[in-house]
file final-v5.txt (compact mmCIF, C-alpha atoms and all ligand atoms)
# COMPACT_ATOMS: atom_id res chain seq x y z
CA MET D 1 21.98 -4.84 -3.31
CA SER D 2 23.42 -2.90 -6.19
CA LYS D 3 21.77 0.42 -6.94
CA ILE D 4 21.97 -0.25 -10.67
CA ILE D 5 20.50 -3.41 -12.13
CA GLN D 6 20.47 -4.70 -15.67
CA ILE D 7 17.49 -6.73 -16.77
CA ALA D 8 17.61 -8.69 -20.03
CA LYS D 9 14.74 -9.61 -22.34
CA THR D 10 13.29 -13.02 -21.49
CA GLY D 11 11.56 -15.63 -23.60
CA GLY D 12 9.11 -16.56 -20.84
CA LEU D 13 8.44 -16.72 -17.11
CA THR D 14 7.35 -19.96 -15.47
CA GLY D 15 7.05 -21.26 -11.93
CA ALA D 16 5.25 -20.76 -8.64
CA ILE D 17 5.72 -17.72 -6.41
CA THR D 18 4.57 -17.36 -2.83
CA ILE D 19 3.51 -13.73 -2.68
CA PRO D 20 5.06 -11.75 0.21
CA GLY D 21 2.83 -10.42 2.99
CA ASP D 22 0.50 -7.51 2.36
CA LYS D 23 2.15 -4.19 3.20
CA SER D 24 -1.03 -2.41 4.31
CA ILE D 25 -2.11 -5.29 6.54
CA SER D 26 1.40 -5.74 7.98
CA HIS D 27 1.46 -2.10 9.18
CA ARG D 28 -1.97 -2.41 10.76
CA SER D 29 -1.11 -5.74 12.41
CA ILE D 30 1.76 -4.12 14.33
CA MET D 31 -0.18 -1.00 15.30
CA LEU D 32 -3.23 -2.88 16.62
CA SER D 33 -1.11 -5.53 18.36
CA GLY D 34 0.80 -2.67 19.99
CA LEU D 35 -2.47 -1.53 21.59
CA ALA D 36 -3.34 -5.01 22.88
CA ASP D 37 -2.93 -6.26 26.47
CA THR D 38 -2.08 -9.79 25.41
CA PRO D 39 0.67 -11.04 23.06
CA VAL D 40 -0.05 -11.48 19.36
CA THR D 41 1.94 -13.75 17.02
CA ILE D 42 2.05 -12.47 13.42
CA THR D 43 2.88 -14.83 10.55
CA ASN D 44 3.72 -13.91 6.95
CA PHE D 45 4.51 -10.34 8.04
CA LEU D 46 6.10 -8.33 5.22
CA HIS D 47 9.76 -7.94 6.16
CA ALA D 48 10.36 -4.89 4.01
CA ALA D 49 11.66 -1.41 4.85
CA ASP D 50 8.24 0.29 5.10
CA CYS D 51 6.86 -2.20 7.62
CA TRP D 52 10.07 -2.09 9.65
CA SER D 53 9.60 1.67 9.91
CA THR D 54 6.30 0.95 11.66
CA ILE D 55 7.93 -1.63 13.94
CA ASN D 56 10.67 0.83 14.92
CA CYS D 57 8.17 3.61 15.67
CA MET D 58 6.01 1.28 17.80
CA ARG D 59 9.12 0.05 19.64
CA ALA D 60 10.00 3.67 20.42
CA LEU D 61 6.54 3.94 22.05
CA GLY D 62 7.31 1.01 24.37
CA VAL D 63 5.87 -1.89 22.36
CA ILE D 64 7.98 -5.06 22.37
CA VAL D 65 8.36 -6.73 18.97
CA GLU D 66 10.39 -9.93 18.71
CA GLU D 67 11.26 -11.85 15.56
CA ASP D 68 12.14 -15.54 15.39
CA LYS D 69 14.48 -17.10 12.82
CA GLY D 70 11.57 -17.80 10.48
CA GLY D 71 10.46 -14.15 10.47
CA VAL D 72 7.45 -14.78 12.72
CA LEU D 73 6.81 -11.80 14.99
CA THR D 74 5.54 -11.73 18.54
CA VAL D 75 4.19 -8.40 19.71
CA GLN D 76 3.71 -7.58 23.37
CA GLY D 77 1.50 -4.51 23.31
CA LYS D 78 1.07 -1.79 25.93
CA GLY D 79 -2.73 -1.73 26.00
CA LEU D 80 -4.94 1.04 24.65
CA TYR D 81 -3.70 3.56 27.24
CA GLY D 82 -0.14 2.30 27.80
CA LEU D 83 2.03 3.78 25.02
CA SER D 84 4.87 5.90 26.37
CA GLU D 85 6.30 9.22 25.21
CA PRO D 86 9.12 8.64 22.70
CA SER D 87 12.47 10.14 23.69
CA ASP D 88 13.43 10.97 20.09
CA VAL D 89 11.93 11.86 16.71
CA LEU D 90 10.01 8.95 15.12
CA ASP D 91 11.17 8.09 11.59
CA ALA D 92 8.58 6.77 9.10
CA GLY D 93 11.28 6.38 6.40
CA ASN D 94 9.58 6.23 2.99
CA SER D 95 6.28 4.97 4.38
CA GLY D 96 3.13 7.06 3.86
CA THR D 97 1.04 4.50 5.73
CA THR D 98 3.34 4.67 8.77
CA ILE D 99 3.33 8.45 9.02
CA ARG D 100 -0.36 8.99 8.25
CA LEU D 101 -1.76 6.25 10.48
CA LEU D 102 0.60 7.08 13.34
CA THR D 103 -0.41 10.75 13.12
CA GLY D 104 -3.93 9.67 14.07
CA LEU D 105 -2.76 7.29 16.80
CA LEU D 106 -0.18 9.64 18.32
CA GLY D 107 -2.42 12.69 18.11
CA ALA D 108 -4.77 11.01 20.59
CA GLN D 109 -2.02 10.23 23.15
CA PRO D 110 -1.40 12.29 26.30
CA PHE D 111 2.20 13.09 25.30
CA PHE D 112 4.39 14.96 22.83
CA SER D 113 5.90 13.32 19.75
CA VAL D 114 7.53 14.28 16.46
CA LEU D 115 7.08 12.27 13.27
CA THR D 116 9.25 12.62 10.19
CA GLY D 117 10.49 10.59 7.23
CA ASP D 118 12.75 10.63 4.17
CA ALA D 119 12.83 13.40 1.53
CA SER D 120 9.82 11.92 -0.31
CA ILE D 121 7.73 11.67 2.85
CA ARG D 122 8.62 15.24 3.82
CA ASN D 123 7.06 16.37 0.53
CA ARG D 124 3.80 14.42 0.78
CA PRO D 125 0.73 16.38 1.90
CA MET D 126 -0.27 15.80 5.51
CA ALA D 127 -2.97 18.52 5.59
CA ARG D 128 -5.51 15.92 4.41
CA VAL D 129 -4.93 13.97 7.66
CA ILE D 130 -4.38 16.94 9.97
CA ALA D 131 -7.63 18.73 8.95
CA PRO D 132 -10.06 16.02 10.17
CA LEU D 133 -7.88 15.20 13.18
CA ALA D 134 -7.92 18.88 14.21
CA LYS D 135 -11.74 18.73 14.18
CA MET D 136 -11.42 15.86 16.66
CA GLY D 137 -9.41 18.10 18.99
CA LEU D 138 -5.94 16.81 18.04
CA GLN D 139 -3.01 19.22 17.97
CA ILE D 140 -0.66 18.60 15.08
CA ALA D 141 1.65 21.13 13.45
CA GLY D 142 3.42 20.72 10.12
CA ARG D 143 5.38 22.83 7.62
CA GLY D 144 3.58 25.26 5.29
CA GLN D 145 0.07 25.07 3.88
CA SER D 146 0.32 21.38 2.96
CA ARG D 147 1.46 20.65 6.55
CA TYR D 148 4.51 18.68 5.47
CA ALA D 149 6.48 16.60 7.98
CA PRO D 150 8.22 16.89 10.38
CA LEU D 151 5.01 16.92 12.39
CA ALA D 152 4.97 18.13 15.99
CA ILE D 153 2.17 16.41 17.88
CA SER D 154 0.99 17.68 21.29
CA ALA D 155 -1.33 16.08 23.82
CA PRO D 156 -4.99 16.96 23.12
CA GLU D 157 -7.28 18.28 25.86
CA GLN D 158 -9.95 15.87 24.69
CA VAL D 159 -10.60 13.61 21.68
CA ARG D 160 -14.04 14.15 20.14
CA GLY D 161 -15.76 11.96 17.56
CA ILE D 162 -16.57 13.61 14.22
CA GLU D 163 -18.84 13.27 11.24
CA TYR D 164 -16.50 13.60 8.31
CA ASP D 165 -17.17 13.59 4.57
CA MET D 166 -13.83 12.72 3.03
CA PRO D 167 -13.00 14.95 0.04
CA VAL D 168 -10.57 12.31 -1.35
CA ALA D 169 -10.87 8.51 -1.21
CA SER D 170 -7.87 7.58 0.95
CA ALA D 171 -7.48 4.57 3.21
CA GLN D 172 -4.61 6.29 4.97
CA VAL D 173 -6.73 9.29 5.94
CA LYS D 174 -9.70 7.08 6.90
CA SER D 175 -7.44 4.88 9.02
CA ALA D 176 -5.79 7.84 10.79
CA ILE D 177 -9.26 9.07 11.79
CA LEU D 178 -10.34 5.58 12.91
CA LEU D 179 -7.22 5.17 15.08
CA ALA D 180 -7.81 8.55 16.75
CA ALA D 181 -11.50 7.64 17.15
CA LEU D 182 -10.49 4.72 19.41
CA TYR D 183 -9.87 7.43 22.03
CA ALA D 184 -12.96 9.58 21.36
CA ASN D 185 -15.79 10.06 23.83
CA THR D 186 -18.44 10.31 21.10
CA PRO D 187 -19.08 8.28 17.90
CA THR D 188 -17.24 8.94 14.65
CA THR D 189 -18.81 8.65 11.20
CA ILE D 190 -16.63 8.78 8.09
CA THR D 191 -18.16 8.92 4.62
CA GLU D 192 -15.95 8.09 1.65
CA PRO D 193 -16.57 9.43 -1.89
CA ILE D 194 -15.53 6.00 -3.28
CA PRO D 195 -14.73 3.06 -0.96
CA SER D 196 -10.99 2.68 -0.29
CA ARG D 197 -9.23 -0.42 1.07
CA ASP D 198 -10.93 -1.56 4.26
CA HIS D 199 -8.11 -3.42 6.04
CA THR D 200 -8.33 -1.17 9.11
CA GLU D 201 -12.03 -1.88 9.53
CA ARG D 202 -11.43 -5.64 9.17
CA MET D 203 -8.45 -5.53 11.54
CA PHE D 204 -10.52 -3.60 14.12
CA GLU D 205 -13.11 -6.39 14.01
CA THR D 206 -10.36 -8.98 14.44
CA PHE D 207 -9.39 -7.09 17.62
CA GLY D 208 -12.97 -7.12 18.91
CA ILE D 209 -13.76 -3.53 17.95
CA PRO D 210 -17.19 -3.31 16.29
CA VAL D 211 -17.34 -1.24 13.08
CA LYS D 212 -20.72 -0.39 11.53
CA ARG D 213 -21.05 0.19 7.78
CA GLU D 214 -24.05 2.04 6.35
CA GLY D 215 -23.68 2.57 2.60
CA ARG D 216 -20.48 4.58 2.16
CA ALA D 217 -20.40 5.51 5.87
CA ILE D 218 -18.23 3.83 8.51
CA ILE D 219 -19.27 4.29 12.13
CA LEU D 220 -17.17 3.69 15.22
CA GLU D 221 -18.73 4.00 18.69
CA PRO D 222 -16.54 4.85 21.71
CA ILE D 223 -14.80 1.71 22.96
CA GLN D 224 -13.58 0.55 26.38
CA LYS D 225 -11.09 -2.15 25.51
CA ILE D 226 -9.80 -4.33 22.72
CA ALA D 227 -9.72 -8.12 22.62
CA ALA D 228 -6.69 -9.23 20.62
CA PRO D 229 -6.43 -12.51 18.72
CA LYS D 230 -3.54 -14.82 19.73
CA ARG D 231 -2.46 -15.17 16.13
CA LEU D 232 -2.69 -13.10 12.96
CA ASP D 233 -1.77 -14.34 9.50
CA VAL D 234 -1.02 -11.70 6.86
CA PRO D 235 -2.23 -12.60 3.33
CA GLY D 236 0.04 -12.06 0.31
CA ASP D 237 -0.01 -8.58 -1.22
CA ILE D 238 -2.02 -8.29 -4.45
CA SER D 239 -0.06 -5.10 -5.22
CA SER D 240 3.11 -7.25 -5.33
CA ALA D 241 1.34 -10.02 -7.26
CA ALA D 242 0.34 -7.35 -9.82
CA PHE D 243 3.86 -7.29 -11.31
CA TRP D 244 3.69 -11.03 -12.01
CA LEU D 245 0.11 -10.80 -13.32
CA VAL D 246 1.21 -8.30 -15.94
CA ALA D 247 4.62 -9.89 -16.63
CA ALA D 248 3.14 -13.32 -17.36
CA SER D 249 0.37 -11.76 -19.46
CA ILE D 250 2.65 -9.78 -21.77
CA ILE D 251 5.69 -12.11 -22.00
CA PRO D 252 4.94 -14.99 -24.43
CA ASN D 253 5.34 -18.61 -23.19
CA SER D 254 4.67 -17.65 -19.57
CA GLU D 255 2.69 -19.41 -16.90
CA LEU D 256 2.92 -18.40 -13.25
CA ALA D 257 1.14 -19.72 -10.16
CA LEU D 258 0.81 -16.98 -7.54
CA ILE D 259 0.31 -18.54 -4.14
CA ASN D 260 -1.54 -16.91 -1.24
CA VAL D 261 -2.79 -13.66 -2.76
CA GLY D 262 -5.12 -11.40 -0.76
CA ILE D 263 -8.27 -10.82 -2.83
CA ASN D 264 -10.08 -8.31 -0.62
CA PRO D 265 -12.61 -6.73 -3.06
CA THR D 266 -11.36 -3.22 -2.19
CA ARG D 267 -8.00 -4.25 -3.74
CA THR D 268 -8.90 -6.38 -6.76
CA GLY D 269 -9.31 -3.65 -9.39
CA ILE D 270 -6.17 -5.04 -11.09
CA LEU D 271 -7.88 -8.42 -11.62
CA ASP D 272 -10.99 -6.77 -13.05
CA VAL D 273 -9.03 -4.55 -15.45
CA LEU D 274 -6.65 -7.28 -16.64
CA THR D 275 -9.60 -9.63 -17.19
CA GLN D 276 -11.34 -6.91 -19.21
CA MET D 277 -8.10 -6.53 -21.22
CA GLY D 278 -8.30 -10.23 -22.11
CA ALA D 279 -5.79 -11.65 -19.60
CA ASP D 280 -5.82 -15.41 -18.91
CA ILE D 281 -6.32 -15.43 -15.13
CA THR D 282 -7.73 -18.31 -13.05
CA ILE D 283 -8.54 -17.83 -9.38
CA THR D 284 -8.40 -21.06 -7.36
CA ASN D 285 -8.38 -22.35 -3.81
CA ASN D 286 -10.45 -19.50 -2.33
CA ARG D 287 -10.10 -19.35 1.46
CA TRP D 288 -9.95 -16.95 4.40
CA SER D 289 -7.02 -15.60 6.35
CA GLY D 290 -8.86 -14.25 9.38
CA ARG D 291 -11.29 -11.69 7.95
CA GLU D 292 -9.36 -11.28 4.69
CA PRO D 293 -10.19 -13.40 1.60
CA VAL D 294 -7.23 -15.17 -0.04
CA ALA D 295 -6.72 -17.32 -3.17
CA ASP D 296 -4.10 -18.75 -5.49
CA ILE D 297 -3.98 -17.31 -9.00
CA VAL D 298 -2.73 -18.84 -12.23
CA VAL D 299 -1.83 -16.45 -15.05
CA ARG D 300 -0.76 -17.31 -18.59
CA SER D 301 0.39 -15.25 -21.58
CA ALA D 302 -2.45 -13.62 -23.51
CA ASN D 303 -3.16 -11.08 -26.21
CA LEU D 304 -4.29 -7.99 -24.32
CA LYS D 305 -6.49 -5.19 -25.60
CA GLY D 306 -6.71 -1.58 -24.45
CA VAL D 307 -9.39 -0.45 -21.98
CA THR D 308 -10.64 2.70 -20.26
CA ILE D 309 -9.93 2.79 -16.52
CA GLU D 310 -12.51 5.13 -14.97
CA ALA D 311 -12.21 7.19 -11.78
CA GLU D 312 -14.60 4.90 -9.82
CA ILE D 313 -12.19 1.96 -9.92
CA ILE D 314 -9.01 3.93 -9.13
CA PRO D 315 -9.08 3.40 -5.31
CA ARG D 316 -9.25 -0.37 -5.94
CA LEU D 317 -6.04 -0.29 -8.00
CA ILE D 318 -4.40 2.91 -6.80
CA ASP D 319 -0.90 1.37 -6.61
CA GLU D 320 -1.19 -0.63 -9.83
CA ILE D 321 -1.32 2.17 -12.43
CA PRO D 322 2.44 2.08 -13.24
CA ILE D 323 2.34 -1.66 -14.02
CA LEU D 324 -0.98 -1.29 -15.88
CA ALA D 325 0.71 1.37 -18.04
CA VAL D 326 3.29 -1.29 -18.97
CA ALA D 327 0.48 -3.74 -19.81
CA ALA D 328 -1.12 -1.04 -22.01
CA LEU D 329 2.07 -0.71 -24.10
CA PHE D 330 1.68 -4.37 -25.08
CA ALA D 331 -2.10 -4.26 -25.61
CA GLU D 332 -3.89 -3.77 -28.92
CA GLY D 333 -5.72 -0.42 -29.00
CA GLN D 334 -6.01 2.54 -26.68
CA THR D 335 -5.84 2.48 -22.87
CA VAL D 336 -7.07 5.55 -21.03
CA VAL D 337 -6.57 6.14 -17.29
CA LYS D 338 -8.92 8.76 -15.80
CA GLY D 339 -9.41 10.28 -12.34
CA ALA D 340 -5.96 9.21 -11.13
CA GLU D 341 -4.62 12.61 -9.95
CA GLU D 342 -3.85 11.02 -6.54
CA LEU D 343 -0.88 9.36 -8.24
CA ARG D 344 0.85 12.72 -8.28
CA VAL D 345 1.24 12.62 -4.48
CA LYS D 346 2.56 9.07 -4.07
CA GLU D 347 6.22 8.09 -3.43
CA THR D 348 6.89 10.16 -6.56
CA ASP D 349 4.58 11.79 -9.12
CA ARG D 350 3.76 8.44 -10.72
CA LEU D 351 1.93 9.85 -13.78
CA LYS D 352 4.95 11.97 -14.65
CA ALA D 353 7.48 9.25 -13.81
CA VAL D 354 5.68 6.61 -15.91
CA ALA D 355 5.51 8.89 -18.98
CA LEU D 356 9.12 10.01 -18.55
CA GLU D 357 10.80 6.67 -17.85
CA LEU D 358 8.86 4.50 -20.30
CA GLY D 359 9.40 7.41 -22.72
CA LYS D 360 13.16 6.79 -22.42
CA MET D 361 12.48 3.28 -23.79
CA GLY D 362 10.81 4.91 -26.79
CA ALA D 363 7.20 4.68 -25.59
CA THR D 364 4.75 7.45 -26.44
CA ILE D 365 2.53 8.13 -23.44
CA THR D 366 0.26 11.16 -23.14
CA GLU D 367 0.18 12.53 -19.63
CA ASN D 368 -3.07 14.29 -18.67
CA PRO D 369 -3.59 16.16 -15.39
CA ASP D 370 -5.57 13.19 -14.04
CA GLY D 371 -4.27 10.24 -16.02
CA LEU D 372 -2.60 8.71 -19.05
CA VAL D 373 -3.41 7.79 -22.63
CA ILE D 374 -1.44 4.93 -24.18
CA ASP D 375 -1.91 3.60 -27.72
CA GLY D 376 -0.71 0.07 -28.17
CA PRO D 377 0.97 -2.06 -29.06
CA GLN D 378 4.25 -0.15 -29.08
CA SER D 379 7.69 -1.60 -29.63
CA ILE D 380 10.04 -0.33 -26.97
CA ASN D 381 13.83 -0.40 -26.79
CA ALA D 382 16.50 -0.98 -24.19
CA ALA D 383 17.32 2.16 -22.20
CA ILE D 384 18.74 3.42 -18.92
CA CYS D 385 15.78 4.38 -16.73
CA ASP D 386 15.51 5.75 -13.21
CA SER D 387 13.23 4.46 -10.45
CA HIS D 388 12.75 7.93 -8.90
CA HIS D 389 13.39 6.02 -5.63
CA ASP D 390 9.93 4.53 -6.10
CA HIS D 391 9.66 0.76 -5.57
CA ARG D 392 6.66 0.34 -7.85
CA MET D 393 8.39 2.28 -10.64
CA ALA D 394 11.50 0.06 -10.36
CA MET D 395 9.44 -3.15 -10.60
CA SER D 396 7.30 -1.82 -13.47
CA LEU D 397 10.42 -0.88 -15.45
CA ALA D 398 11.88 -4.36 -14.80
CA VAL D 399 8.73 -5.99 -16.21
CA ALA D 400 8.78 -3.66 -19.26
CA GLY D 401 12.45 -4.46 -19.93
CA SER D 402 11.94 -8.24 -19.49
CA ALA D 403 9.10 -8.14 -22.01
CA ALA D 404 10.91 -5.87 -24.52
CA GLN D 405 14.63 -5.42 -25.16
CA GLY D 406 15.99 -5.20 -21.60
CA VAL D 407 16.50 -2.23 -19.30
CA THR D 408 19.06 -0.77 -16.92
CA ILE D 409 17.44 0.65 -13.78
CA THR D 410 19.19 3.16 -11.55
CA GLU D 411 18.27 3.45 -7.85
CA SER D 412 16.83 -0.05 -8.14
CA ASP D 413 17.46 -0.92 -4.49
CA CYS D 414 14.23 0.90 -3.58
CA VAL D 415 12.42 -2.42 -4.13
CA LYS D 416 13.38 -3.10 -0.51
CA ILE D 417 10.42 -0.85 0.42
CA SER D 418 7.81 -3.49 -0.46
CA TYR D 419 9.44 -6.50 -2.20
CA PRO D 420 13.08 -6.99 -1.18
CA ASP D 421 13.72 -10.16 -3.23
CA PHE D 422 11.80 -9.09 -6.34
CA PHE D 423 14.85 -9.20 -8.66
CA ASP D 424 15.96 -12.61 -7.30
CA VAL D 425 12.49 -14.05 -7.90
CA LEU D 426 12.46 -12.56 -11.42
CA SER D 427 15.78 -14.20 -12.30
CA LYS D 428 14.58 -17.60 -11.01
CA LEU D 429 11.43 -17.52 -13.14
CA ARG D 430 13.18 -16.65 -16.41
CA GLN D 431 13.25 -19.25 -19.19
CA ASP D 432 15.89 -17.43 -21.26
C1 LIG D 501 -2.48 2.55 1.71
C2 LIG D 501 -3.39 3.34 1.08
C3 LIG D 501 -3.16 3.94 -0.24
C4 LIG D 501 -2.03 3.25 -1.00
C5 LIG D 501 -0.83 3.03 -0.12
C6 LIG D 501 -1.20 2.18 1.09
C7 LIG D 501 -2.80 2.03 3.06
O1 LIG D 501 -2.83 5.30 -0.06
O2 LIG D 501 -1.65 4.01 -2.12
O3 LIG D 501 0.19 2.37 -0.85
O4 LIG D 501 -2.09 1.12 3.55
O5 LIG D 501 -3.77 2.51 3.65
P1 LIG D 501 -3.97 6.45 0.03
O6 LIG D 501 -4.80 6.13 1.19
O7 LIG D 501 -3.24 7.74 0.22
O8 LIG D 501 -4.69 6.38 -1.27
call {"tool": "encode", "arguments": {"input": "final-v5.txt", "output": "structure tokens", "more": "lines below"}}
Ligand code: S3P
result
Amino acid sequence: MSKIIQIAKTGGLTGAITIPGDKSISHRSIMLSGLADTPVTITNFLHAADCWSTINCMRALGVIVEEDKGGVLTVQGKGLYGLSEPSDVLDAGNSGTTIRLLTGLLGAQPFFSVLTGDASIRNRPMARVIAPLAKMGLQIAGRGQSRYAPLAISAPEQVRGIEYDMPVASAQVKSAILLAALYANTPTTITEPIPSRDHTERMFETFGIPVKREGRAIILEPIQKIAAPKRLDVPGDISSAAFWLVAASIIPNSELALINVGINPTRTGILDVLTQMGADITITNNRWSGREPVADIVVRSANLKGVTIEAEIIPRLIDEIPILAVAALFAEGQTVVKGAEELRVKETDRLKAVALELGKMGATITENPDGLVIDGPQSINAAICDSHHDHRMAMSLAVAGSAAQGVTITESDCVKISYPDFFDVLSKLRQD
């Protein structure tokens, strides 16, 4: 794929899109299947660079992952105690979920390993994961005070359960602790300040591992074994659907049917906010994919209005702020995003990147330490914008350009991280 893409203004988007597999659930499906004693077949796995980073790391630990021509995976795991010492450094690529979750899993193993990733990953704080894991007896070293990767992970003498009050709502940190806790000899209790996505908890239950929830606390007792399902089906990723939800809302004459979207309530903040903004969204065909709720969604063009997005909802739409900023540019009135300082430590500093890149299109966006203020509607122009190697920035810019006067995006090939055929789908839906 070309690194530079030109997107033209479009008069409308129509059609049906099957939403690609959920990235968070795809990672977890490989990790848990890798710990199983019996084979697991995974359908609708997200074949994108981040999830392949997880596959390659698990393969380096001895897990067998096979793919058929239709992209269906079969994983032959090594059992809870069967992973083997990797003979080389493990590469998480651009994937925060891979490096953070594997830090918990590997820290509990009786062998040495080193985890690293690309330039962005090597600048994302790992101290938030290492601190609780160290309390559990895990031995993980990283660079400097923020404990940046590469991480050197040594065998622990013992893995102890902990009672941990998380200072930041983060599913990656919670999941790293839960994976290490599979090897602990005492119970683990994690309390979250605000609930984050609970795919790990649901996936544990799918693998026969009981998880207790008491208010904001999650409790895992020591376990003996896991009982894997024969088959796992990954729902579509609402974070990928988000680009279409906003695109169809702000581009006149649009109507899109989004097929097979995961609607786990810890992820549906985008639906709540867009509905509050006046979006025309219909949720149909509610069903279950294992323990994850799924639906089809129809979205039509609408006149949006500005809203205030408070800190409490941020974990439920943590990855959707860049595309919501685009929606805000087309909405009547002021949109305020608060309590979103976590965006500064994502693939790039997303608050800064949103203000800078949409600013190149002529948008006026006020960047606060913990959020954004956007007065709308604003007319924006064609411009050359950069993705900052951030997949969600590239897709947000493409939606902004399609709705306004077009855009040229540099480093656009980063969409391969979560949505490899995003630009192809966009061109098929256009009614120019
Ligand atoms: C993820 C959790 C979130 C999210 C990321 C995926 C996960 O990160 O931003 O894209 O799969 O657990 P944090 O846990 O750091 O908020």
call {"tool": "residues_near_ligand", "arguments": {"input": "final-v5.txt", "ligand": "ligand LIG 501 (chain D)", "cutoff": "7 Å", "atoms": "only C-alpha atoms and all ligand atoms", "output": "NGL selection string"}}
result
:D and (23-24 or 96-97 or 169-173 or 175 or 197 or 315 or 318-319 or 346)
call {"tool": "closest_residue", "arguments": {"input": "final-v5.txt", "among": "D:Arg147, D:Lys225, D:His27, D:Arg287", "to": "Ser95 (chain D)", "atoms": "all atoms listed in the file"}}
result
D:His27
call {"tool": "atom_distance", "arguments": {"input": "final-v5.txt", "atom1": "CA of Ala36 (chain D)", "atom2": "CA of Phe204 (chain D)"}}
result
11.4 Å
call {"tool": "atom_distance", "arguments": {"input": "final-v5.txt", "atom1": "CA of Asp68 (chain D)", "atom2": "CA of Leu83 (chain D)"}}
result
23.8 Å
call {"tool": "closest_atom_pairs", "arguments": {"input": "final-v5.txt", "of": "region 221-266 of chain D", "to": "region 294-312 of chain D", "cutoff": "10 Å", "atoms": "all atoms listed in the file", "output": "tab-separated table"}}
result
residue	atom	partner	partner_atom	distance
D:Val234	CA	D:Val294	CA	9.9
D:Pro235	CA	D:Val294	CA	6.6
D:Gly236	CA	D:Val294	CA	7.9
D:Asp237	CA	D:Val294	CA	9.8
D:Ile238	CA	D:Val294	CA	9.7
D:Ala241	CA	D:Ile297	CA	9.2
D:Trp244	CA	D:Val299	CA	8.3
D:Leu245	CA	D:Val299	CA	6.2
D:Val246	CA	D:Val299	CA	8.7
D:Ala247	CA	D:Ser301	CA	8.4
D:Ala248	CA	D:Ser301	CA	5.4
D:Ser249	CA	D:Ser301	CA	4.1
D:Ile250	CA	D:Ser301	CA	5.9
D:Ile251	CA	D:Ser301	CA	6.2
D:Pro252	CA	D:Ser301	CA	5.4
D:Asn253	CA	D:Ser301	CA	6.2
D:Ser254	CA	D:Ser301	CA	5.3
D:Glu255	CA	D:Arg300	CA	4.4
D:Leu256	CA	D:Val299	CA	5.4
D:Ala257	CA	D:Val298	CA	4.5
D:Leu258	CA	D:Ile297	CA	5.0
D:Ile259	CA	D:Asp296	CA	4.6
D:Asn260	CA	D:Asp296	CA	5.3
D:Val261	CA	D:Ala295	CA	5.4
D:Gly262	CA	D:Val294	CA	4.4
D:Ile263	CA	D:Val294	CA	5.3
D:Asn264	CA	D:Val294	CA	7.5
call {"tool": "residues_around", "arguments": {"input": "final-v5.txt", "residues": "Ile313 (chain D)", "least_positions_apart": "5", "cutoff": "12 Å", "atoms": "all atoms listed in the file", "output": "mmCIF file with C-alpha atoms, in the coordinates of the input"}}
result
data_model
loop_
_atom_site.group_PDB
_atom_site.id
_atom_site.type_symbol
_atom_site.label_atom_id
_atom_site.label_comp_id
_atom_site.auth_asym_id
_atom_site.auth_seq_id
_atom_site.Cartn_x
_atom_site.Cartn_y
_atom_site.Cartn_z
ATOM 1 C CA ALA D 169 -10.870 8.510 -1.210
ATOM 2 C CA PRO D 193 -16.570 9.430 -1.890
ATOM 3 C CA ILE D 194 -15.530 6.000 -3.280
ATOM 4 C CA PRO D 195 -14.730 3.060 -0.960
ATOM 5 C CA SER D 196 -10.990 2.680 -0.290
ATOM 6 C CA ARG D 197 -9.230 -0.420 1.070
ATOM 7 C CA PRO D 265 -12.610 -6.730 -3.060
ATOM 8 C CA THR D 266 -11.360 -3.220 -2.190
ATOM 9 C CA ARG D 267 -8.000 -4.250 -3.740
ATOM 10 C CA THR D 268 -8.900 -6.380 -6.760
ATOM 11 C CA GLY D 269 -9.310 -3.650 -9.390
ATOM 12 C CA ILE D 270 -6.170 -5.040 -11.090
ATOM 13 C CA LEU D 271 -7.880 -8.420 -11.620
ATOM 14 C CA ASP D 272 -10.990 -6.770 -13.050
ATOM 15 C CA VAL D 273 -9.030 -4.550 -15.450
ATOM 16 C CA THR D 308 -10.640 2.700 -20.260
ATOM 17 C CA ILE D 318 -4.400 2.910 -6.800
ATOM 18 C CA ASP D 319 -0.900 1.370 -6.610
ATOM 19 C CA GLU D 320 -1.190 -0.630 -9.830
ATOM 20 C CA ILE D 321 -1.320 2.170 -12.430
ATOM 21 C CA VAL D 337 -6.570 6.140 -17.290
ATOM 22 C CA LYS D 338 -8.920 8.760 -15.800
ATOM 23 C CA GLY D 339 -9.410 10.280 -12.340
ATOM 24 C CA ALA D 340 -5.960 9.210 -11.130
#
call {"tool": "closest_residue", "arguments": {"input": "final-v5.txt", "among": "D:Val425, D:Ala394, D:Val399, D:Val168", "to": "Glu341 (chain D)", "atoms": "all atoms listed in the file"}}
result
D:Val168
call {"tool": "residues_around", "arguments": {"input": "final-v5.txt", "residues": "region 352-361 of chain D", "least_positions_apart": "6", "cutoff": "6 Å", "atoms": "all atoms listed in the file", "output": "JSON, numbers by chain"}}
result
{"D": [380, 381, 382, 383, 385]}
call {"tool": "closest_residue", "arguments": {"input": "final-v5.txt", "among": "D:Gly107, D:Gly215, D:Pro293, D:Pro150", "to": "Pro125 (chain D)", "atoms": "only C-alpha atoms"}}
result
D:Pro150
call {"tool": "closest_residue", "arguments": {"input": "final-v5.txt", "among": "D:Ser33, D:Ser154, D:Pro132, D:Asn123", "to": "Gln109 (chain D)", "atoms": "only C-alpha atoms"}}
result
D:Ser154
call {"tool": "residues_around", "arguments": {"input": "final-v5.txt", "residues": "Tyr164 (chain D)", "least_positions_apart": "5", "cutoff": "8 Å", "atoms": "only C-alpha atoms", "output": "list in words"}}
result
Pro132, Thr188, Thr189, Ile190 and Thr191 of chain D
